[in-house]
$ cat data.txt   # compact mmCIF, C-alpha atoms
# COMPACT_ATOMS: atom_id res chain seq x y z
CA MET H 1 -99.12 -38.44 20.10
CA PHE H 2 -97.60 -41.03 17.76
CA ASP H 3 -97.84 -44.56 19.16
CA ALA H 4 -95.25 -46.95 17.68
CA ALA H 5 -97.19 -49.92 19.04
CA LEU H 6 -99.97 -49.20 16.57
CA VAL H 7 -97.65 -49.39 13.55
CA SER H 8 -96.19 -52.66 12.27
CA ASP H 9 -92.61 -52.78 11.01
CA ASN H 10 -93.65 -53.29 7.38
CA GLN H 11 -95.71 -50.08 7.49
CA LEU H 12 -92.66 -47.98 8.34
CA GLN H 13 -90.63 -46.46 5.53
CA ARG H 14 -86.99 -47.61 5.64
CA SER H 15 -84.02 -46.48 3.59
CA HIS H 16 -81.12 -48.76 2.60
CA GLY H 17 -78.12 -47.01 1.11
CA THR H 18 -75.06 -48.75 -0.32
CA ILE H 19 -71.73 -47.39 -1.49
CA ARG H 20 -68.91 -49.28 -3.20
CA LEU H 21 -65.68 -47.49 -4.02
CA ALA H 22 -62.47 -48.88 -5.48
CA PHE H 23 -59.30 -46.91 -6.18
CA ALA H 24 -56.46 -48.03 -8.44
CA LYS H 25 -53.30 -46.70 -10.04
CA LYS H 26 -52.00 -46.75 -13.61
CA GLY H 27 -48.57 -45.31 -14.20
CA ASP H 28 -48.34 -42.22 -12.00
CA ARG H 29 -52.10 -41.62 -11.94
CA ASN H 30 -54.36 -42.58 -9.05
CA PHE H 31 -58.01 -42.87 -10.04
CA ILE H 32 -61.44 -44.16 -9.00
CA ALA H 33 -61.80 -47.58 -10.61
CA GLU H 34 -65.32 -48.37 -9.34
CA ARG H 35 -68.06 -46.06 -8.09
CA TYR H 36 -71.48 -47.40 -7.13
CA ALA H 37 -74.15 -45.82 -4.93
CA SER H 38 -77.78 -46.66 -4.27
CA ALA H 39 -80.20 -44.10 -2.82
CA PRO H 40 -80.15 -42.39 -0.45
CA SER H 41 -76.35 -42.70 -0.57
CA ARG H 42 -74.43 -40.70 -3.14
CA ILE H 43 -70.77 -40.22 -4.14
CA LEU H 44 -69.54 -36.77 -5.14
CA VAL H 45 -66.19 -36.39 -6.91
CA PRO H 46 -64.60 -32.92 -6.86
CA SER H 47 -63.07 -32.04 -10.21
CA ASN H 48 -60.27 -29.92 -8.79
CA HIS H 49 -58.37 -32.52 -6.75
CA LEU H 50 -54.64 -32.91 -7.31
CA SER H 51 -52.71 -36.19 -7.48
CA VAL H 52 -54.89 -37.97 -4.89
CA PRO H 53 -58.47 -38.77 -5.98
CA GLU H 54 -61.13 -37.61 -3.54
CA ALA H 55 -64.58 -39.12 -2.99
CA VAL H 56 -67.16 -37.28 -0.90
CA LEU H 57 -69.94 -39.43 0.59
CA ALA H 58 -73.40 -37.89 0.95
CA ASN H 59 -76.78 -38.96 2.32
CA THR H 60 -79.56 -37.36 0.30
CA SER H 61 -82.20 -38.25 2.91
CA GLY H 62 -80.59 -35.90 5.43
CA GLY H 63 -80.05 -38.57 8.08
CA ILE H 64 -81.01 -42.06 9.21
CA ALA H 65 -83.59 -43.41 11.63
CA GLY H 66 -84.45 -46.75 13.21
CA GLY H 67 -84.46 -49.59 10.69
CA ASP H 68 -82.45 -47.67 8.08
CA THR H 69 -79.18 -49.20 6.87
CA LEU H 70 -76.04 -47.77 5.32
CA LYS H 71 -73.28 -49.95 3.88
CA PHE H 72 -69.87 -48.63 2.79
CA ASP H 73 -67.28 -50.75 1.00
CA VAL H 74 -63.93 -49.11 0.17
CA LEU H 75 -61.00 -50.81 -1.58
CA VAL H 76 -57.62 -49.20 -2.25
CA ALA H 77 -55.32 -51.20 -4.54
CA SER H 78 -51.61 -51.71 -3.99
CA GLU H 79 -49.45 -48.54 -4.29
CA THR H 80 -52.62 -46.43 -4.72
CA GLU H 81 -53.48 -43.27 -2.76
CA ALA H 82 -57.00 -42.05 -2.02
CA LEU H 83 -59.07 -39.72 0.15
CA VAL H 84 -62.65 -40.42 1.28
CA THR H 85 -64.59 -37.89 3.32
CA GLY H 86 -68.18 -36.83 4.08
CA GLN H 87 -70.23 -33.95 2.71
CA ALA H 88 -71.71 -33.07 6.11
CA ALA H 89 -72.49 -34.43 9.55
CA GLU H 90 -74.50 -37.67 9.58
CA LYS H 91 -77.63 -37.27 11.71
CA VAL H 92 -79.23 -40.22 13.51
CA TYR H 93 -82.84 -39.45 14.40
CA ARG H 94 -84.94 -40.80 17.26
CA SER H 95 -85.85 -44.45 16.81
CA ILE H 96 -89.26 -45.79 17.70
CA ASP H 97 -88.19 -49.44 17.58
CA VAL H 98 -85.08 -51.04 16.09
CA PRO H 99 -81.67 -49.33 15.70
CA ALA H 100 -80.29 -47.79 12.55
CA SER H 101 -77.40 -49.78 11.14
CA ILE H 102 -74.09 -48.69 9.57
CA ARG H 103 -71.63 -51.26 8.21
CA THR H 104 -68.25 -50.12 6.89
CA ARG H 105 -65.63 -52.35 5.28
CA ILE H 106 -62.23 -50.92 4.35
CA GLU H 107 -59.45 -52.78 2.57
CA VAL H 108 -56.08 -51.20 1.72
CA GLU H 109 -53.65 -53.42 -0.13
CA ASP H 110 -49.89 -53.48 0.35
CA GLU H 111 -48.30 -50.00 0.05
CA GLY H 112 -51.69 -48.38 -0.51
CA VAL H 113 -52.58 -45.16 1.34
CA LEU H 114 -56.10 -44.20 2.42
CA GLU H 115 -57.36 -41.18 4.31
CA TYR H 116 -60.88 -41.96 5.56
CA LEU H 117 -62.14 -38.75 7.16
CA PRO H 118 -65.94 -38.53 7.49
CA GLN H 119 -67.49 -35.67 9.40
CA GLU H 120 -69.19 -36.08 12.77
CA THR H 121 -72.21 -38.26 13.54
CA ILE H 122 -74.89 -36.55 15.64
CA LEU H 123 -77.09 -38.79 17.79
CA PHE H 124 -80.43 -37.10 18.48
CA ASN H 125 -81.95 -37.86 21.86
CA GLY H 126 -83.69 -41.22 21.53
CA ALA H 127 -81.51 -42.36 18.63
CA LYS H 128 -80.43 -45.98 18.38
CA LEU H 129 -77.38 -46.82 16.28
CA ASP H 130 -75.59 -50.10 15.65
CA ARG H 131 -72.31 -49.60 13.80
CA GLN H 132 -69.57 -52.02 12.77
CA VAL H 133 -66.27 -51.16 11.07
CA ASP H 134 -64.02 -53.87 9.61
CA ILE H 135 -60.57 -52.82 8.36
CA SER H 136 -58.05 -55.01 6.53
CA LEU H 137 -54.62 -53.59 5.68
CA GLY H 138 -51.64 -54.90 3.76
CA LEU H 139 -48.31 -55.15 5.56
CA ARG H 140 -46.99 -51.78 4.32
CA ALA H 141 -50.34 -50.04 3.88
CA ARG H 142 -51.02 -46.71 5.55
CA LEU H 143 -54.37 -45.55 6.92
CA LEU H 144 -55.43 -42.28 8.53
CA LEU H 145 -58.98 -42.57 9.87
CA SER H 146 -61.05 -40.32 12.09
CA GLU H 147 -64.55 -40.43 13.53
CA MET H 148 -66.55 -38.26 15.90
CA PHE H 149 -69.83 -38.65 17.79
CA VAL H 150 -71.96 -35.83 19.21
CA LEU H 151 -74.51 -36.91 21.84
CA GLY H 152 -77.63 -34.78 21.54
CA ARG H 153 -78.35 -31.56 19.64
CA TRP H 154 -76.62 -28.98 21.77
CA ALA H 155 -77.93 -25.97 19.86
CA MET H 156 -81.44 -27.15 20.76
CA GLY H 157 -80.54 -27.57 24.43
CA GLU H 158 -80.92 -31.33 24.01
CA ASP H 159 -79.02 -33.94 26.04
CA PHE H 160 -78.67 -37.65 25.30
CA THR H 161 -80.95 -38.98 28.03
CA ILE H 162 -82.36 -41.99 26.14
CA GLY H 163 -81.10 -44.04 23.23
CA THR H 164 -78.23 -46.42 22.54
CA LEU H 165 -74.95 -46.58 20.65
CA THR H 166 -73.32 -49.91 19.86
CA ASP H 167 -69.97 -49.52 18.10
CA ARG H 168 -67.63 -52.37 17.09
CA TRP H 169 -64.21 -52.14 15.38
CA LYS H 170 -61.83 -54.69 13.89
CA VAL H 171 -58.42 -53.80 12.43
CA ASP H 172 -56.19 -56.45 10.82
CA VAL H 173 -52.75 -55.94 9.29
CA ALA H 174 -51.43 -58.63 6.92
CA GLY H 175 -54.13 -60.96 8.24
CA ARG H 176 -53.08 -60.44 11.87
CA PRO H 177 -55.57 -58.87 14.31
CA ILE H 178 -54.12 -55.74 15.94
CA TRP H 179 -57.27 -54.06 17.28
CA ARG H 180 -60.63 -55.21 18.58
CA GLU H 181 -63.01 -52.82 20.26
CA SER H 182 -66.64 -52.71 21.36
CA LEU H 183 -68.52 -49.81 22.92
CA ARG H 184 -72.03 -49.91 24.33
CA LEU H 185 -73.36 -46.54 25.44
CA GLU H 186 -76.84 -45.78 26.77
CA GLY H 187 -78.35 -42.34 27.12
CA GLY H 188 -78.81 -41.11 30.67
CA LEU H 189 -76.17 -43.37 32.23
CA PRO H 190 -74.51 -41.86 35.34
CA SER H 191 -71.13 -42.56 33.71
CA LEU H 192 -71.82 -39.80 31.16
CA ASN H 193 -71.44 -37.24 33.96
CA SER H 194 -69.05 -39.04 36.30
CA PRO H 195 -65.46 -37.70 36.55
CA ILE H 196 -64.25 -41.29 36.12
CA GLY H 197 -66.52 -41.76 33.10
CA PHE H 198 -67.22 -39.22 30.35
CA ALA H 199 -66.90 -36.24 32.74
CA ASP H 200 -69.87 -34.40 31.16
CA ALA H 201 -68.34 -34.75 27.68
CA ARG H 202 -70.93 -35.03 24.93
CA ALA H 203 -68.54 -35.10 21.99
CA LEU H 204 -66.20 -38.06 21.42
CA ALA H 205 -63.55 -38.44 18.72
CA THR H 206 -61.05 -41.09 17.67
CA ILE H 207 -58.16 -41.07 15.24
CA PHE H 208 -56.36 -44.18 14.01
CA TYR H 209 -53.10 -43.95 12.10
CA VAL H 210 -51.42 -47.11 10.80
CA GLY H 211 -48.05 -46.75 9.11
CA SER H 212 -44.39 -47.62 9.57
CA ASN H 213 -43.75 -44.07 10.86
CA ALA H 214 -46.53 -44.05 13.49
CA ALA H 215 -44.06 -44.11 16.40
CA GLU H 216 -42.18 -41.12 14.99
CA ILE H 217 -45.17 -38.77 15.29
CA LEU H 218 -46.46 -39.94 18.69
CA GLU H 219 -44.80 -37.21 20.76
CA SER H 220 -45.75 -34.37 18.44
CA VAL H 221 -49.36 -35.54 18.55
CA ARG H 222 -49.33 -35.71 22.35
CA GLU H 223 -47.99 -32.16 22.55
CA ALA H 224 -50.88 -30.92 20.40
CA LEU H 225 -53.62 -32.63 22.40
CA GLY H 226 -55.79 -30.80 24.90
CA THR H 227 -57.37 -31.99 28.14
CA LEU H 228 -59.58 -35.10 28.16
CA SER H 229 -57.42 -36.48 25.36
CA GLY H 230 -54.67 -39.04 24.97
CA ALA H 231 -52.57 -40.93 22.42
CA THR H 232 -50.81 -44.28 22.50
CA LEU H 233 -49.26 -46.92 20.24
CA VAL H 234 -50.85 -50.36 20.00
CA ARG H 235 -48.99 -52.93 17.87
CA GLY H 236 -47.69 -50.16 15.64
CA MET H 237 -51.04 -48.34 15.35
CA LEU H 238 -51.38 -44.81 16.71
CA VAL H 239 -54.65 -44.48 18.65
CA ILE H 240 -55.87 -41.02 19.67
CA ARG H 241 -58.90 -40.45 21.92
CA MET H 242 -60.50 -37.05 22.42
CA MET H 243 -63.51 -35.86 24.42
CA GLY H 244 -65.06 -32.45 24.83
CA THR H 245 -67.96 -30.60 26.41
CA GLU H 246 -68.52 -28.51 23.28
CA ALA H 247 -68.76 -30.12 19.85
CA GLY H 248 -67.43 -27.22 17.79
CA ALA H 249 -64.32 -26.88 19.93
CA LEU H 250 -63.63 -30.62 19.78
CA LYS H 251 -64.02 -30.68 16.00
CA GLY H 252 -61.51 -27.84 15.80
CA GLN H 253 -59.02 -29.86 17.88
CA LEU H 254 -59.72 -32.91 15.74
CA ALA H 255 -59.01 -30.89 12.59
CA ASN H 256 -55.71 -29.65 14.05
CA ILE H 257 -54.51 -33.19 14.85
CA ILE H 258 -55.57 -34.51 11.43
CA SER H 259 -53.73 -31.63 9.74
CA ASN H 260 -50.64 -32.40 11.83
CA ILE H 261 -50.64 -36.08 10.89
CA ARG H 262 -51.30 -35.36 7.22
CA ALA H 263 -48.25 -33.09 7.07
CA THR H 264 -45.83 -35.09 9.21
CA ALA H 265 -46.75 -38.66 8.29
CA LEU H 266 -48.29 -38.51 4.80
CA ASN H 267 -46.55 -35.51 3.21
CA ARG H 268 -49.94 -33.90 2.56
CA PRO H 269 -50.99 -30.27 3.00
CA SER H 270 -51.47 -29.35 6.65
CA GLU H 271 -55.25 -29.00 6.37
CA VAL H 272 -58.49 -30.97 6.53
CA PRO H 273 -60.54 -31.86 3.43
CA ARG H 274 -62.16 -28.84 1.75
CA VAL H 275 -65.73 -29.94 2.56
CA TRP H 276 -64.95 -29.73 6.28
CA ARG H 277 -64.48 -25.98 5.83
CA CYS H 278 -67.73 -25.33 3.93

$ encode --input "data.txt" --output "structure tokens"
Amino acid sequence: MFDAALVSDNQLQRSHGTIRLAFAKKGDRNFIAERYASAPSRILVPSNHLSVPEAVLANTSGGIAGGDTLKFDVLVASETEALVTGQAAEKVYRSIDVPASIRTRIEVEDEGVLEYLPQETILFNGAKLDRQVDISLGLRARLLLSEMFVLGRWAMGEDFTIGTLTDRWKVDVAGRPIWRESLRLEGGLPSLNSPIGFADARALATIFYVGSNAAEILESVREALGTLSGATLVRGMLVIRMMGTEAGALKGQLANIISNIRATALNRPSEVPRVWRC
């Protein structure tokens, strides 16, 4: 059996991926102005996108483990529209010591529009993840963002009995803080099964929509939500929480809500990014 105590930190192989993306507009054309990636991170750009440039983020290592780091930096210039999504689910493997780290910084300037729609993150049993997301928006910027966690590999009959998730969010609009959030979750906690906790849910999803028309779509979103879900407005930001006992079903519900918001709030096709359907 592998004994982590016999291996020093500098003997362990770590990966440190970085992505920097900047979108801009010239005339009527939105385009990618800067694209930088260091292994194992990679940026794929579909050639058949329409008026909105699309960047697909990929991890060529197949996942992250303890001590690995991923950094994402996305900038959308004023009056520019962009879509960022993920090639596949991000897998977080069992950690033998320190957590894996993900840092995401998003900036959307005034009247810019960003859809940031990665696919789900799967926490293997024993995984440790420390994630922080910092978002800065201009006064009239619009942002549609989703994220989803799956606790344990269900197809393998695995539950999340050990491990940790630390998740911190900051959202500012025009320099004013409108959202601060911190979640600390430990595998095996009684609250994962309690009816006043996670009620046996092992899949968790969140959608944020910031835009001047957020209040107008609140009721239609609520009508489309299933059980163990809810939506509310906080300082003009639409916040949607979803939980489920089956990951595939929850991702389907998540896709339906995203498609609804894209059509009603952003005048986009009523569908999720193409890579979600592959």

$ residues_near_point --input "data.txt" --point "(-66.8, -54.4, 6.5)" --cutoff "10 Å" --atoms "all atoms listed in the file" --output "list in words"
Lys71, Phe72, Asp73, Val74, Ile102, Arg103, Thr104, Arg105, Ile106, Glu107, Gln132, Val133, Asp134, Ile135, Ser136, Trp169 and Lys170 of chain H

$ atom_distance --input "data.txt" --atom1 "atom CA of Gly152 of chain H" --atom2 "atom CA of Glu115 of chain H"
27.4 Å

$ residues_near_point --input "data.txt" --point "(-55.8, -43.2, 4.5)" --cutoff "12 Å" --atoms "all atoms listed in the file" --output "ChimeraX atom specification"
/H:23,52-54,74-76,80-85,106-109,111-118,135,137,141-146,207-211,258,261-262,265-266,268

$ atom_distance --input "data.txt" --atom1 "atom CA of Asp159 of chain H" --atom2 "atom CA of Glu147 of chain H"
20.2 Å

$ axis_aligned_box --input "data.txt" --around "segment 221-235 of chain H" --padding-each-side "8 Å" --output "JSON"
{"center_x": -53.8, "center_y": -41.9, "center_z": 23.0, "size_x": 27.6, "size_y": 38.1, "size_z": 26.3}

$ residues_around --input "data.txt" --residues "segment 36-47 of chain H" --least-positions-apart "2" --cutoff "8 Å" --atoms "only C-alpha atoms" --output "number ranges by chain"
H: 15-21, 34, 49, 54-61, 70

$ residues_around --input "data.txt" --residues "Glu223 of chain H" --least-positions-apart "5" --cutoff "12 Å" --atoms "all atoms listed in the file" --output "VMD selection string"
chain H and resid 217 to 218 229 to 231 256 to 257 260

$ closest_residue --input "data.txt" --among "H:Gln13, H:Gln119, H:Ser51, H:Gln253" --to "Asp68 of chain H" --atoms "all atoms listed in the file"
H:Gln13

$ atom_distance --input "data.txt" --atom1 "atom CA of Gly27 of chain H" --atom2 "atom CA of Ser78 of chain H"
12.4 Å

$ closest_residue --input "data.txt" --among "H:Asp110, H:Val92, H:Phe198, H:Leu225" --to "Arg131 of chain H" --atoms "only C-alpha atoms"
H:Val92

$ closest_residue --input "data.txt" --among "H:Ser220, H:Asp167, H:Gly188, H:Met148" --to "Ala263 of chain H" --atoms "all atoms listed in the file"
H:Ser220
